[in-house]
>>> print(open('query30.txt').read())   # compact mmCIF, C-alpha atoms and all ligand atoms
# COMPACT_ATOMS: atom_id res chain seq x y z
CA MET X 1 3.90 -1.84 10.23
CA GLU X 2 0.45 -0.60 11.31
CA ILE X 3 0.02 3.19 11.66
CA GLU X 4 -2.58 4.03 14.28
CA ASP X 5 -3.54 7.70 14.49
CA LYS X 6 -6.27 7.69 11.82
CA PHE X 7 -9.92 6.82 11.36
CA TYR X 8 -8.91 4.09 8.88
CA THR X 9 -6.43 1.28 9.25
CA CYS X 10 -3.12 2.08 7.64
CA GLU X 11 0.17 0.33 6.96
CA GLU X 12 3.56 1.67 6.02
CA VAL X 13 4.68 1.48 2.40
CA PRO X 14 7.80 -0.75 2.29
CA ARG X 15 11.12 1.04 1.83
CA LEU X 16 13.47 -1.07 -0.27
CA SER X 17 16.72 -0.55 -2.09
CA PHE X 18 16.15 -0.06 -5.81
CA GLN X 19 18.37 -3.10 -6.35
CA ASP X 20 16.16 -5.34 -4.25
CA ALA X 21 14.28 -7.85 -6.41
CA LYS X 22 11.29 -7.51 -4.03
CA ALA X 23 11.00 -3.85 -4.99
CA MET X 24 10.77 -4.74 -8.68
CA GLN X 25 8.17 -7.38 -7.87
CA LEU X 26 6.06 -4.82 -6.02
CA ILE X 27 6.20 -2.50 -9.03
CA ALA X 28 5.31 -5.34 -11.37
CA ASP X 29 2.35 -6.16 -9.09
CA GLU X 30 1.27 -2.49 -9.05
CA LYS X 31 1.85 -2.10 -5.32
CA PRO X 32 3.44 1.06 -3.87
CA VAL X 33 7.04 0.98 -2.72
CA VAL X 34 9.63 3.59 -1.72
CA LEU X 35 12.86 2.99 -3.60
CA THR X 36 15.87 4.10 -1.61
CA HIS X 37 19.29 5.00 -3.01
CA ALA X 38 17.79 4.89 -6.47
CA HIS X 39 19.86 7.82 -7.78
CA ILE X 40 17.26 8.28 -10.48
CA CYS X 41 17.46 12.03 -10.57
CA GLU X 42 20.36 12.73 -8.27
CA PRO X 43 21.45 15.87 -10.17
CA ALA X 44 18.07 17.36 -9.28
CA LEU X 45 18.68 17.05 -5.55
CA LYS X 46 20.28 20.49 -5.77
CA TRP X 47 17.16 22.07 -7.29
CA ASP X 48 16.39 24.42 -4.44
CA LEU X 49 14.65 27.75 -5.04
CA LYS X 50 17.89 29.68 -5.52
CA TYR X 51 19.30 27.19 -8.04
CA LEU X 52 16.07 27.13 -10.03
CA LEU X 53 15.79 30.92 -9.92
CA GLU X 54 19.16 31.11 -11.54
CA HIS X 55 18.84 28.29 -14.04
CA ILE X 56 15.29 27.31 -14.92
CA GLY X 57 14.80 29.98 -17.59
CA ASP X 58 12.34 32.80 -18.26
CA ALA X 59 9.31 30.87 -19.45
CA GLU X 60 5.99 31.14 -17.64
CA HIS X 61 5.08 28.48 -15.09
CA VAL X 62 1.72 27.20 -13.90
CA VAL X 63 1.15 28.28 -10.32
CA PHE X 64 -1.99 27.64 -8.28
CA ALA X 65 -3.03 30.14 -5.61
CA SER X 66 -5.24 29.05 -2.71
CA CYS X 67 -6.76 30.79 0.29
CA SER X 68 -5.91 27.69 2.33
CA ASN X 69 -3.24 25.00 2.32
CA VAL X 70 -5.47 22.84 0.13
CA PHE X 71 -4.91 22.61 -3.62
CA LYS X 72 -7.67 20.48 -5.08
CA TYR X 73 -7.18 19.86 -8.79
CA TYR X 74 -9.91 20.75 -11.28
CA ASP X 75 -10.21 20.43 -15.03
CA ASP X 76 -11.03 23.76 -16.67
CA GLN X 77 -12.47 21.98 -19.73
CA LYS X 78 -15.24 20.44 -17.61
CA ILE X 79 -16.46 23.62 -15.95
CA LYS X 80 -18.94 24.07 -18.82
CA PHE X 81 -20.84 21.03 -17.50
CA CYS X 82 -21.13 22.54 -14.03
CA PRO X 83 -21.86 26.25 -14.37
CA GLN X 84 -22.18 26.63 -10.59
CA PHE X 85 -18.69 25.28 -10.03
CA GLU X 86 -16.44 27.58 -8.07
CA ARG X 87 -12.74 27.14 -8.68
CA PRO X 88 -11.13 26.22 -5.35
CA THR X 89 -7.82 27.71 -6.47
CA GLU X 90 -6.74 30.32 -8.97
CA LYS X 91 -4.56 29.15 -11.85
CA LEU X 92 -1.84 31.69 -12.63
CA ALA X 93 1.01 31.91 -15.11
CA MET X 94 4.22 33.58 -13.98
CA THR X 95 7.95 33.45 -14.54
CA PHE X 96 10.01 31.61 -11.96
CA LYS X 97 11.37 34.96 -10.81
CA GLU X 98 7.84 36.25 -10.09
CA PHE X 99 6.97 32.99 -8.34
CA TYR X 100 10.15 33.15 -6.26
CA GLN X 101 9.44 36.70 -5.11
CA ARG X 102 5.85 36.01 -4.09
CA PHE X 103 6.58 32.57 -2.60
CA ASN X 104 9.61 33.69 -0.61
CA ASN X 105 7.98 36.85 0.71
CA TRP X 106 4.62 35.28 1.53
CA LYS X 107 2.80 36.98 4.43
CA PRO X 108 -0.17 35.70 6.49
CA GLY X 109 -3.41 36.71 4.80
CA GLU X 110 -1.97 36.28 1.30
CA LYS X 111 -2.88 33.34 -0.91
CA LYS X 112 -0.63 30.28 -0.72
CA LEU X 113 1.16 29.32 -3.94
CA TYR X 114 1.90 25.90 -5.43
CA LEU X 115 4.00 25.66 -8.62
CA GLN X 116 3.06 22.68 -10.79
CA GLN X 117 4.85 22.82 -14.12
CA SER X 118 5.77 20.12 -16.61
CA LEU X 119 9.43 20.37 -17.52
CA SER X 120 9.89 21.46 -21.11
CA SER X 121 12.59 22.57 -23.49
CA THR X 122 12.35 26.10 -22.09
CA VAL X 123 14.54 25.19 -19.12
CA GLY X 124 18.00 26.74 -19.18
CA PRO X 125 21.13 24.78 -20.16
CA LYS X 126 22.10 23.81 -16.59
CA VAL X 127 18.71 22.35 -15.71
CA ALA X 128 18.66 20.64 -19.12
CA ALA X 129 22.09 19.12 -18.41
CA ASP X 130 20.90 17.91 -14.99
CA PHE X 131 17.89 16.33 -16.67
CA VAL X 132 20.00 14.61 -19.32
CA SER X 133 22.17 13.05 -16.63
CA PHE X 134 19.28 11.39 -14.79
CA ASN X 135 19.63 7.63 -14.59
CA TRP X 136 17.78 7.04 -17.87
CA LEU X 137 19.31 3.62 -18.32
CA TRP X 138 17.71 2.36 -15.12
CA LEU X 139 14.44 4.12 -15.94
CA THR X 140 14.25 2.64 -19.43
CA ASN X 141 15.08 -0.82 -18.15
CA LEU X 142 12.33 -0.59 -15.55
CA GLN X 143 9.87 0.69 -18.16
CA LYS X 144 10.62 -2.35 -20.34
CA LEU X 145 10.62 -4.79 -17.45
CA VAL X 146 7.17 -3.80 -16.23
CA ASN X 147 5.85 -3.08 -19.71
CA TRP X 148 4.89 0.56 -19.17
CA GLY X 149 4.01 2.82 -22.07
CA ALA X 150 5.76 6.08 -22.94
CA LEU X 151 7.00 8.63 -20.44
CA THR X 152 4.47 11.43 -20.89
CA SER X 153 5.74 14.19 -18.60
CA ASN X 154 7.78 15.24 -15.62
CA LEU X 155 5.83 17.51 -13.32
CA LEU X 156 7.89 19.82 -11.12
CA LEU X 157 6.09 20.56 -7.85
CA ILE X 158 7.09 23.34 -5.44
CA ALA X 159 4.90 23.84 -2.37
CA ALA X 160 5.19 25.64 0.95
CA LYS X 161 5.17 23.50 4.09
CA GLY X 162 1.63 22.38 4.94
CA GLY X 163 0.53 22.39 1.28
CA LEU X 164 -1.93 19.59 0.59
CA THR X 165 -3.00 17.86 -2.61
CA PRO X 166 -6.23 16.09 -1.59
CA VAL X 167 -6.99 12.49 -2.33
CA HIS X 168 -7.30 11.67 -6.05
CA TYR X 169 -6.09 9.14 -8.58
CA ASP X 170 -4.26 9.45 -11.90
CA GLU X 171 -4.52 7.38 -15.05
CA GLN X 172 -0.76 6.96 -15.31
CA GLN X 173 2.03 5.12 -13.56
CA ASN X 174 4.04 7.49 -11.40
CA LEU X 175 7.60 7.47 -10.13
CA PHE X 176 7.46 10.28 -7.61
CA CYS X 177 10.91 11.64 -6.75
CA GLN X 178 11.31 13.74 -3.64
CA LEU X 179 14.07 16.34 -4.00
CA ILE X 180 13.80 18.87 -1.16
CA GLY X 181 11.88 18.67 2.14
CA GLN X 182 9.56 15.84 3.15
CA LYS X 183 6.10 14.80 2.03
CA LYS X 184 3.58 12.44 3.56
CA VAL X 185 1.80 10.41 0.90
CA THR X 186 -1.31 8.44 1.83
CA LEU X 187 -2.43 5.83 -0.67
CA PHE X 188 -5.52 3.66 -1.15
CA SER X 189 -5.74 0.81 -3.61
CA PRO X 190 -8.35 0.79 -6.43
CA GLU X 191 -10.26 -1.79 -4.38
CA HIS X 192 -11.31 1.18 -2.26
CA HIS X 193 -12.55 3.18 -5.23
CA ASN X 194 -16.19 3.25 -4.14
CA ARG X 195 -15.28 4.03 -0.56
CA LEU X 196 -13.70 7.30 -1.67
CA TYR X 197 -16.76 8.56 -3.53
CA PRO X 198 -15.18 10.05 -6.65
CA HIS X 199 -16.81 13.00 -8.35
CA PRO X 200 -18.55 12.11 -11.64
CA VAL X 201 -16.30 11.95 -14.70
CA TYR X 202 -17.85 15.03 -16.31
CA HIS X 203 -17.26 17.08 -13.17
CA PRO X 204 -14.27 19.46 -13.02
CA HIS X 205 -13.13 17.47 -9.99
CA ASP X 206 -13.13 14.21 -11.97
CA ARG X 207 -10.65 11.74 -10.41
CA GLN X 208 -10.86 13.59 -7.09
CA SER X 209 -12.61 12.24 -4.04
CA GLN X 210 -15.59 14.14 -2.64
CA VAL X 211 -14.34 13.19 0.80
CA ASP X 212 -12.26 15.40 3.05
CA LEU X 213 -10.05 12.90 4.87
CA SER X 214 -9.40 15.40 7.65
CA LYS X 215 -13.15 15.70 8.36
CA PRO X 216 -14.67 12.32 7.51
CA ASN X 217 -18.45 12.46 7.30
CA PHE X 218 -19.51 8.88 7.95
CA SER X 219 -23.22 9.40 7.52
CA LEU X 220 -22.69 10.91 4.08
CA TYR X 221 -19.87 8.55 3.10
CA PRO X 222 -20.38 5.34 5.14
CA GLY X 223 -17.86 3.34 3.12
CA LEU X 224 -15.11 5.41 4.75
CA ARG X 225 -15.40 3.20 7.81
CA HIS X 226 -13.87 0.35 5.82
CA LEU X 227 -10.96 2.21 4.25
CA HIS X 228 -7.50 0.77 4.48
CA GLY X 229 -4.55 3.00 3.61
CA HIS X 230 -0.82 2.87 2.99
CA GLU X 231 1.47 5.67 4.09
CA ALA X 232 4.93 6.78 3.04
CA ILE X 233 7.03 9.66 4.28
CA VAL X 234 9.44 10.57 1.52
CA GLY X 235 12.54 12.74 1.80
CA PRO X 236 15.32 13.85 -0.53
CA GLY X 237 16.51 10.98 -2.74
CA ASP X 238 13.46 8.77 -2.13
CA VAL X 239 11.41 7.60 -5.10
CA LEU X 240 7.85 6.52 -4.39
CA TYR X 241 6.11 4.34 -6.94
CA ILE X 242 2.44 5.42 -7.08
CA PRO X 243 0.64 2.75 -9.09
CA ILE X 244 -1.88 3.76 -11.73
CA TYR X 245 -5.43 4.26 -10.36
CA TRP X 246 -4.22 4.22 -6.78
CA TRP X 247 -5.75 7.04 -4.79
CA HIS X 248 -3.21 9.32 -3.16
CA GLN X 249 -3.09 12.41 -0.98
CA VAL X 250 0.14 14.36 -0.65
CA GLU X 251 1.07 16.72 2.17
CA SER X 252 4.22 18.81 2.51
CA LEU X 253 5.53 18.35 6.03
CA ASN X 254 6.72 21.15 8.29
CA THR X 255 10.26 19.83 8.53
CA HIS X 256 11.44 22.24 5.80
CA PRO X 257 10.02 25.61 4.72
CA TYR X 258 9.11 24.21 1.31
CA THR X 259 9.19 21.03 -0.75
CA VAL X 260 10.39 20.27 -4.27
CA SER X 261 9.37 17.06 -6.05
CA LEU X 262 9.57 15.79 -9.60
CA ASN X 263 7.36 13.04 -10.92
CA PHE X 264 7.73 10.74 -13.91
CA TRP X 265 4.36 9.88 -15.44
CA TYR X 266 4.22 6.84 -17.71
CA LYS X 267 1.35 5.61 -19.82
CA ALA X 268 -0.41 2.45 -18.72
CA PRO X 269 0.76 -0.88 -20.10
CA PRO X 270 -1.03 -1.65 -23.37
CA ALA X 271 -4.26 -3.52 -22.68
CA ASP X 272 -3.48 -7.12 -23.59
CA ASN X 273 -5.66 -10.15 -23.16
CA ILE X 274 -8.11 -9.43 -20.40
CA SER X 275 -8.39 -12.22 -17.87
CA TYR X 276 -11.19 -12.73 -15.38
CA PRO X 277 -11.96 -11.84 -12.69
CA LEU X 278 -11.16 -8.25 -13.70
CA LEU X 279 -8.69 -6.31 -11.60
CA PRO X 280 -10.25 -3.54 -9.48
CA ARG X 281 -8.50 -0.94 -11.64
CA GLN X 282 -9.97 -2.49 -14.78
CA GLU X 283 -13.42 -2.14 -13.22
CA VAL X 284 -12.65 1.54 -12.65
CA VAL X 285 -11.76 1.95 -16.34
CA ILE X 286 -15.00 0.29 -17.38
CA MET X 287 -17.03 2.49 -15.03
CA ARG X 288 -15.31 5.60 -16.39
CA ASN X 289 -15.87 4.61 -20.00
CA ILE X 290 -19.53 3.84 -19.50
CA GLU X 291 -20.05 7.08 -17.61
CA LYS X 292 -18.30 9.04 -20.38
CA MET X 293 -20.40 7.40 -23.07
CA ILE X 294 -23.63 8.23 -21.28
CA VAL X 295 -22.60 11.86 -20.81
CA ASP X 296 -21.62 12.04 -24.48
CA VAL X 297 -24.98 10.69 -25.57
CA PHE X 298 -27.11 12.92 -23.34
CA LYS X 299 -24.91 16.01 -23.58
CA GLU X 300 -26.46 16.89 -20.26
CA PRO X 301 -24.83 15.53 -17.12
CA SER X 302 -27.92 16.00 -14.98
CA GLN X 303 -29.55 13.20 -17.01
CA VAL X 304 -26.90 10.68 -16.04
CA ASP X 305 -28.16 10.02 -12.52
CA HIS X 306 -31.70 9.52 -13.79
CA PHE X 307 -30.47 7.26 -16.58
CA PHE X 308 -28.49 4.98 -14.29
CA GLN X 309 -31.42 4.71 -11.93
CA SER X 310 -33.80 3.84 -14.76
CA LEU X 311 -31.35 1.24 -15.92
CA THR X 312 -30.99 -0.50 -12.59
CA LEU X 313 -33.99 0.14 -10.42
CA GLY X 314 -36.62 -2.47 -10.74
CA ARG X 315 -34.39 -4.66 -12.83
CA TYR X 316 -31.58 -5.47 -10.48
CA THR X 317 -32.71 -4.13 -7.14
CA VAL X 318 -36.33 -5.07 -6.66
CA GLN X 319 -37.37 -8.34 -5.18
CA GLY X 320 -38.95 -10.53 -7.78
CA ALA X 321 -37.21 -8.85 -10.70
CA ASP X 322 -36.34 -11.28 -13.45
CA VAL X 323 -32.69 -11.72 -12.57
CA PRO X 324 -30.61 -14.87 -12.90
CA ALA X 325 -31.00 -17.34 -10.10
CA THR X 326 -27.27 -17.12 -9.52
CA LEU X 327 -27.63 -13.65 -8.04
CA SER X 328 -26.78 -13.75 -4.41
CA ALA X 329 -29.34 -14.34 -1.71
CA SER X 330 -28.65 -10.94 -0.26
CA LEU X 331 -29.75 -9.28 -3.50
CA MET X 332 -33.08 -10.91 -3.01
CA ASN X 333 -33.21 -10.25 0.71
CA PRO X 334 -36.63 -8.63 1.07
CA GLU X 335 -35.49 -6.80 4.18
CA LEU X 336 -33.02 -4.75 2.19
CA PHE X 337 -35.75 -3.31 0.02
CA SER X 338 -38.70 -3.05 2.34
CA LYS X 339 -40.20 0.38 2.66
CA GLU X 340 -39.56 0.37 6.41
CA HIS X 341 -35.92 -0.49 5.88
CA LEU X 342 -35.48 2.19 3.27
CA ASN X 343 -37.03 4.81 5.51
CA ASP X 344 -35.24 3.69 8.66
CA GLN X 345 -31.86 3.45 7.05
CA LYS X 346 -31.94 6.73 5.17
CA ARG X 347 -28.33 7.67 4.61
CA GLU X 348 -27.05 5.21 7.19
CA GLU X 349 -24.21 2.79 6.85
CA PRO X 350 -24.96 0.05 4.32
CA SER X 351 -25.19 -3.36 5.89
CA LYS X 352 -21.81 -4.85 6.70
CA ASP X 353 -22.55 -7.71 4.39
CA SER X 354 -23.00 -5.54 1.36
CA ASP X 355 -20.23 -3.09 2.07
CA LYS X 356 -17.43 -5.41 2.96
CA LEU X 357 -17.80 -7.07 -0.42
CA VAL X 358 -16.49 -4.07 -2.33
CA GLY X 359 -13.30 -5.12 -4.04
CA VAL X 360 -13.80 -8.81 -3.49
CA GLN X 361 -12.65 -10.49 -6.63
CA ALA X 362 -14.78 -13.57 -6.97
CA ARG X 363 -17.41 -13.40 -9.66
CA GLY X 364 -20.32 -14.08 -7.35
CA ALA X 365 -19.03 -11.58 -4.88
CA ARG X 366 -18.86 -8.92 -7.54
CA LYS X 367 -22.54 -9.33 -8.07
CA LYS X 368 -22.95 -8.74 -4.37
CA LYS X 369 -20.92 -5.63 -4.83
CA ILE X 370 -23.59 -4.32 -7.17
CA VAL X 371 -25.99 -4.85 -4.31
CA GLY X 372 -23.73 -2.79 -2.09
CA LYS X 373 -23.94 0.15 -4.47
CA ASN X 374 -27.58 -0.13 -5.19
CA SER X 375 -28.59 -0.79 -1.65
CA SER X 376 -26.81 2.35 -0.61
CA ALA X 377 -28.72 4.20 -3.33
CA ASN X 378 -31.84 2.73 -1.92
CA VAL X 379 -31.12 3.42 1.69
CA ARG X 380 -30.84 7.04 0.74
CA GLY X 381 -34.51 6.78 -0.07
CA GLU X 382 -33.93 7.40 -3.75
CA GLY X 383 -35.57 5.78 -6.63
CA SER X 384 -38.86 4.54 -5.29
CA ALA X 385 -40.94 4.00 -8.38
CA HIS X 386 -43.97 5.52 -6.72
CA ALA X 387 -44.47 8.25 -4.23
CA LYS X 388 -45.17 7.12 -0.68
CA ASP X 389 -48.89 7.78 -1.04
CA GLY X 390 -48.94 5.34 -3.93
CA THR X 391 -49.47 7.94 -6.62
CA ASN X 392 -47.19 8.55 -9.54
CA SER X 393 -45.92 12.09 -9.36
CA THR X 394 -43.51 14.19 -11.30
CA CYS X 395 -41.00 16.57 -9.92
CA SER X 396 -41.67 19.92 -11.51
CA CYS X 397 -37.99 20.78 -11.50
CA HIS X 398 -36.44 17.69 -12.91
CA GLU X 399 -39.37 16.10 -14.66
CA THR X 400 -38.53 12.67 -13.51
CA SER X 401 -41.20 10.08 -13.09
CA ASN X 402 -39.15 8.62 -10.32
CA PRO X 403 -39.66 11.07 -7.48
CA VAL X 404 -39.34 10.76 -3.76
CA VAL X 405 -41.83 12.56 -1.59
CA GLU X 406 -40.30 14.85 0.96
CA ASN X 407 -42.60 16.85 3.23
CA GLY X 408 -45.58 15.86 1.17
CA SER X 409 -44.35 17.19 -2.18
CA PRO X 410 -42.57 15.22 -4.83
CA SER X 411 -39.06 16.06 -5.77
CA CYS X 412 -36.59 14.29 -7.98
CA THR X 413 -33.52 12.56 -6.66
CA CYS X 414 -31.36 15.43 -7.82
CA CYS X 415 -33.20 17.83 -5.53
CA SER X 416 -33.84 15.53 -2.65
CA SER X 417 -30.46 13.96 -2.38
CA CYS X 418 -28.05 16.81 -2.58
CA SER X 419 -26.80 16.18 0.91
CA SER X 420 -26.21 12.52 0.21
CA SER X 421 -24.92 12.92 -3.31
CA PRO X 422 -23.67 16.49 -3.47
CA SER X 423 -21.99 16.31 -6.82
CA LEU X 424 -25.22 15.23 -8.50
CA CYS X 425 -27.09 18.23 -7.27
CA LYS X 426 -27.63 21.35 -9.30
CA ASN X 427 -26.79 23.31 -6.19
CA TYR X 428 -23.56 21.40 -5.94
CA SER X 429 -21.30 24.27 -5.05
CA HIS X 430 -23.43 25.06 -1.99
CA ALA X 431 -23.50 21.48 -0.88
CA SER X 432 -19.88 20.61 -1.47
CA GLN X 433 -17.37 20.56 1.30
CA SER X 434 -14.24 22.62 1.02
CA SER X 435 -11.36 20.24 1.20
O1 LIG N 501 2.97 16.35 -4.69
C1 LIG N 501 1.80 16.68 -4.80
O2 LIG N 501 1.32 17.62 -4.14
C2 LIG N 501 0.89 15.94 -5.73
C3 LIG N 501 1.60 15.01 -6.62
C4 LIG N 501 0.69 14.05 -7.29
O3 LIG N 501 -0.47 13.94 -6.98
C5 LIG N 501 1.24 13.19 -8.35
O4 LIG N 501 2.43 13.26 -8.67
O5 LIG N 501 0.44 12.44 -8.92
>>> encode(input="query30.txt", output="structure tokens")
Amino acid sequence: MEIEDKFYTCEEVPRLSFQDAKAMQLIADEKPVVLTHAHICEPALKWDLKYLLEHIGDAEHVVFASCSNVFKYYDDQKIKFCPQFERPTEKLAMTFKEFYQRFNNWKPGEKKLYLQQSLSSTVGPKVAADFVSFNWLWLTNLQKLVNWGALTSNLLLIAAKGGLTPVHYDEQQNLFCQLIGQKKVTLFSPEHHNRLYPHPVYHPHDRQSQVDLSKPNFSLYPGLRHLHGHEAIVGPGDVLYIPIYWWHQVESLNTHPYTVSLNFWYKAPPADNISYPLLPRQEVVIMRNIEKMIVDVFKEPSQVDHFFQSLTLGRYTVQGADVPATLSASLMNPELFSKEHLNDQKREEPSKDSDKLVGVQARGARKKKIVGKNSSANVRGEGSAHAKDGTNSTCSCHETSNPVVENGSPSCTCCSSCSSSPSLCKNYSHASQSS
């Protein structure tokens, strides 16, 4: 069924009994589905705050504290690459008892808390017994059937109503079990990867979208106009399958004062024989690996943007470049690359033709997809090999020989494009939106 109150088109995730063969087929096809009556972790349906307070044990738990309802994940290890990065939440360690007291007695003006802790052997005997009596037989059968790798962790999530985990993707298969309260989960397939403008892989917000879905900025992120989502509302006993590399945003609804969920993260299936055309999620893996390699080689993330531009501009994006004749006509469309077009279209929506091709599987179409990316780089006015006055200039700040001229003085793409590519800008934290 179509859901209509959003800026993107959206359909409901099917709800099917866990015994329904169609549900298994959806999982095998890496499509989201809500499994009903699955009884996967039924003993955990009683894990409310009081029960956990009594039985979860005295170990410390990871708790994020936020000034708003938004809890955007960041990777501490990557902050060294982005010294200006400001943590959007504070990461705390506290016993469940401390968490319970602060969470239960929360007052307006105080930071909101979100507990996100992997279950470990520190849980008390009752919680351990509940865990042991999960439906492991069914879980193991499913794992074998769909050829998933090992179960890596079970993340326990306790949020207040309104708590929001913004749109991101994970590199694992996820069986997301809702225990207490309701959550709204919005999903986007990996075909929409480029339309969600992920942060660079070296960035602390790797795997997170730069986009705030509640305040879509279409001039900055024009691909948003072509998003198509899937939505599921999950309540106690529901199990949502979140396929690997699918983008998802999770919101705790106001129907209960708080929510408790438990996920099951499984490693990806082993990479077997690759067949062509590649799946959209395989393209994402390739992009990530290339990006990681480049960062590793340069040791300096600010070089990555320049490197990718040097690699592509003039070779794949300029009319007359020595590219195979099979490249699509639109790649060679002089209009796309004329100076007038570049200036007129600065940070406007890429042409429908180029954008709608994102995610199209056919080999030829994928080449068009490259055009989509590069043309959007070009319409931002980046990457002209020469300054507008025809001279070759160098940006004093970034020392690139590939400057754009803004207000008569040359500046590199990093400086000139922070509003269109915030995460590539040294002043990132000023340019970024709070989501
Ligand atoms: O429930 C949430 O807030 C986030 C959960 C999530 O993103 C996940 O399990 O992958």
>>> closest_residue(input="query30.txt", among="X:Gln19, X:Ser302, X:Ser252, X:Thr312", to="ligand LIG 501 (chain N)", atoms="only C-alpha atoms and all ligand atoms")
X:Ser252
>>> residues_near_ligand(input="query30.txt", ligand="ligand LIG 501 (chain N)", cutoff="10 Å", atoms="all atoms listed in the file", output="mmCIF file with C-alpha atoms, in the frame of the given file")
data_model
loop_
_atom_site.group_PDB
_atom_site.id
_atom_site.type_symbol
_atom_site.label_atom_id
_atom_site.label_comp_id
_atom_site.auth_asym_id
_atom_site.auth_seq_id
_atom_site.Cartn_x
_atom_site.Cartn_y
_atom_site.Cartn_z
ATOM 1 C CA VAL X 70 -5.470 22.840 0.130
ATOM 2 C CA PHE X 71 -4.910 22.610 -3.620
ATOM 3 C CA LYS X 72 -7.670 20.480 -5.080
ATOM 4 C CA TYR X 73 -7.180 19.860 -8.790
ATOM 5 C CA TYR X 114 1.900 25.900 -5.430
ATOM 6 C CA LEU X 115 4.000 25.660 -8.620
ATOM 7 C CA GLN X 116 3.060 22.680 -10.790
ATOM 8 C CA ASN X 154 7.780 15.240 -15.620
ATOM 9 C CA LEU X 155 5.830 17.510 -13.320
ATOM 10 C CA LEU X 156 7.890 19.820 -11.120
ATOM 11 C CA LEU X 157 6.090 20.560 -7.850
ATOM 12 C CA ILE X 158 7.090 23.340 -5.440
ATOM 13 C CA ALA X 159 4.900 23.840 -2.370
ATOM 14 C CA GLY X 163 0.530 22.390 1.280
ATOM 15 C CA LEU X 164 -1.930 19.590 0.590
ATOM 16 C CA THR X 165 -3.000 17.860 -2.610
ATOM 17 C CA PRO X 166 -6.230 16.090 -1.590
ATOM 18 C CA VAL X 167 -6.990 12.490 -2.330
ATOM 19 C CA HIS X 168 -7.300 11.670 -6.050
ATOM 20 C CA TYR X 169 -6.090 9.140 -8.580
ATOM 21 C CA ASP X 170 -4.260 9.450 -11.900
ATOM 22 C CA GLU X 171 -4.520 7.380 -15.050
ATOM 23 C CA GLN X 172 -0.760 6.960 -15.310
ATOM 24 C CA GLN X 173 2.030 5.120 -13.560
ATOM 25 C CA ASN X 174 4.040 7.490 -11.400
ATOM 26 C CA LEU X 175 7.600 7.470 -10.130
ATOM 27 C CA PHE X 176 7.460 10.280 -7.610
ATOM 28 C CA CYS X 177 10.910 11.640 -6.750
ATOM 29 C CA GLN X 178 11.310 13.740 -3.640
ATOM 30 C CA LYS X 183 6.100 14.800 2.030
ATOM 31 C CA LYS X 184 3.580 12.440 3.560
ATOM 32 C CA VAL X 185 1.800 10.410 0.900
ATOM 33 C CA LEU X 240 7.850 6.520 -4.390
ATOM 34 C CA TYR X 241 6.110 4.340 -6.940
ATOM 35 C CA ILE X 242 2.440 5.420 -7.080
ATOM 36 C CA PRO X 243 0.640 2.750 -9.090
ATOM 37 C CA ILE X 244 -1.880 3.760 -11.730
ATOM 38 C CA TRP X 246 -4.220 4.220 -6.780
ATOM 39 C CA TRP X 247 -5.750 7.040 -4.790
ATOM 40 C CA HIS X 248 -3.210 9.320 -3.160
ATOM 41 C CA GLN X 249 -3.090 12.410 -0.980
ATOM 42 C CA VAL X 250 0.140 14.360 -0.650
ATOM 43 C CA GLU X 251 1.070 16.720 2.170
ATOM 44 C CA SER X 252 4.220 18.810 2.510
ATOM 45 C CA THR X 259 9.190 21.030 -0.750
ATOM 46 C CA VAL X 260 10.390 20.270 -4.270
ATOM 47 C CA SER X 261 9.370 17.060 -6.050
ATOM 48 C CA LEU X 262 9.570 15.790 -9.600
ATOM 49 C CA ASN X 263 7.360 13.040 -10.920
ATOM 50 C CA PHE X 264 7.730 10.740 -13.910
ATOM 51 C CA TRP X 265 4.360 9.880 -15.440
#
>>> atom_distance(input="query30.txt", atom1="CA of Cys10 (chain X)", atom2="CA of His192 (chain X)")
12.9 Å
>>> closest_residue(input="query30.txt", among="X:Gln117, X:Asn194, X:Asn135, X:Asn289", to="Leu227 (chain X)", atoms="all atoms listed in the file")
X:Asn194
>>> residues_near_point(input="query30.txt", point="(3.0, -1.9, -3.3)", cutoff="12 Å", atoms="only C-alpha atoms", output="MDAnalysis selection string")
chainID X and resid 11:16 22:35 187:189 229:232 240:244 246
>>> closest_residue(input="query30.txt", among="X:Ser275, X:Gln303, X:Thr140, X:Gln309", to="Ile40 (chain X)", atoms="all atoms listed in the file")
X:Thr140
>>> atom_distance(input="query30.txt", atom1="CA of Lys111 (chain X)", atom2="CA of Ser66 (chain X)")
5.2 Å
>>> closest_residue(input="query30.txt", among="X:Ile180, X:Ala321, X:Met1, X:Ala271", to="Lys161 (chain X)", atoms="all atoms listed in the file")
X:Ile180
>>> closest_residue(input="query30.txt", among="X:Lys299, X:Arg195, X:His256, X:Arg315", to="Gly235 (chain X)", atoms="all atoms listed in the file")
X:His256
>>> residues_around(input="query30.txt", residues="Gly237 (chain X)", least_positions_apart="3", cutoff="8 Å", atoms="only C-alpha atoms", output="PyMOL selection string")
chain X and resi 36-39+41-42+45+177-179
>>> atom_distance(input="query30.txt", atom1="CA of His193 (chain X)", atom2="CA of Phe85 (chain X)")
23.4 Å
>>> closest_residue(input="query30.txt", among="X:Pro108, X:Pro190, X:Pro125, X:Gly162", to="Glu283 (chain X)", atoms="all atoms listed in the file")
X:Pro190
>>> closest_atom_pairs(input="query30.txt", of="region 82-156 of chain X", to="region 203-207 of chain X", cutoff="12 Å", atoms="all atoms listed in the file", output="Markdown table")
| residue | atom | partner | partner_atom | distance |
| --- | --- | --- | --- | --- |
| X:Cys82 | CA | X:His203 | CA | 6.7 |
| X:Pro83 | CA | X:Pro204 | CA | 10.3 |
| X:Gln84 | CA | X:Pro204 | CA | 10.9 |
| X:Phe85 | CA | X:Pro204 | CA | 7.9 |
| X:Glu86 | CA | X:Pro204 | CA | 9.8 |
| X:Arg87 | CA | X:Pro204 | CA | 9.0 |
| X:Pro88 | CA | X:His205 | CA | 10.1 |
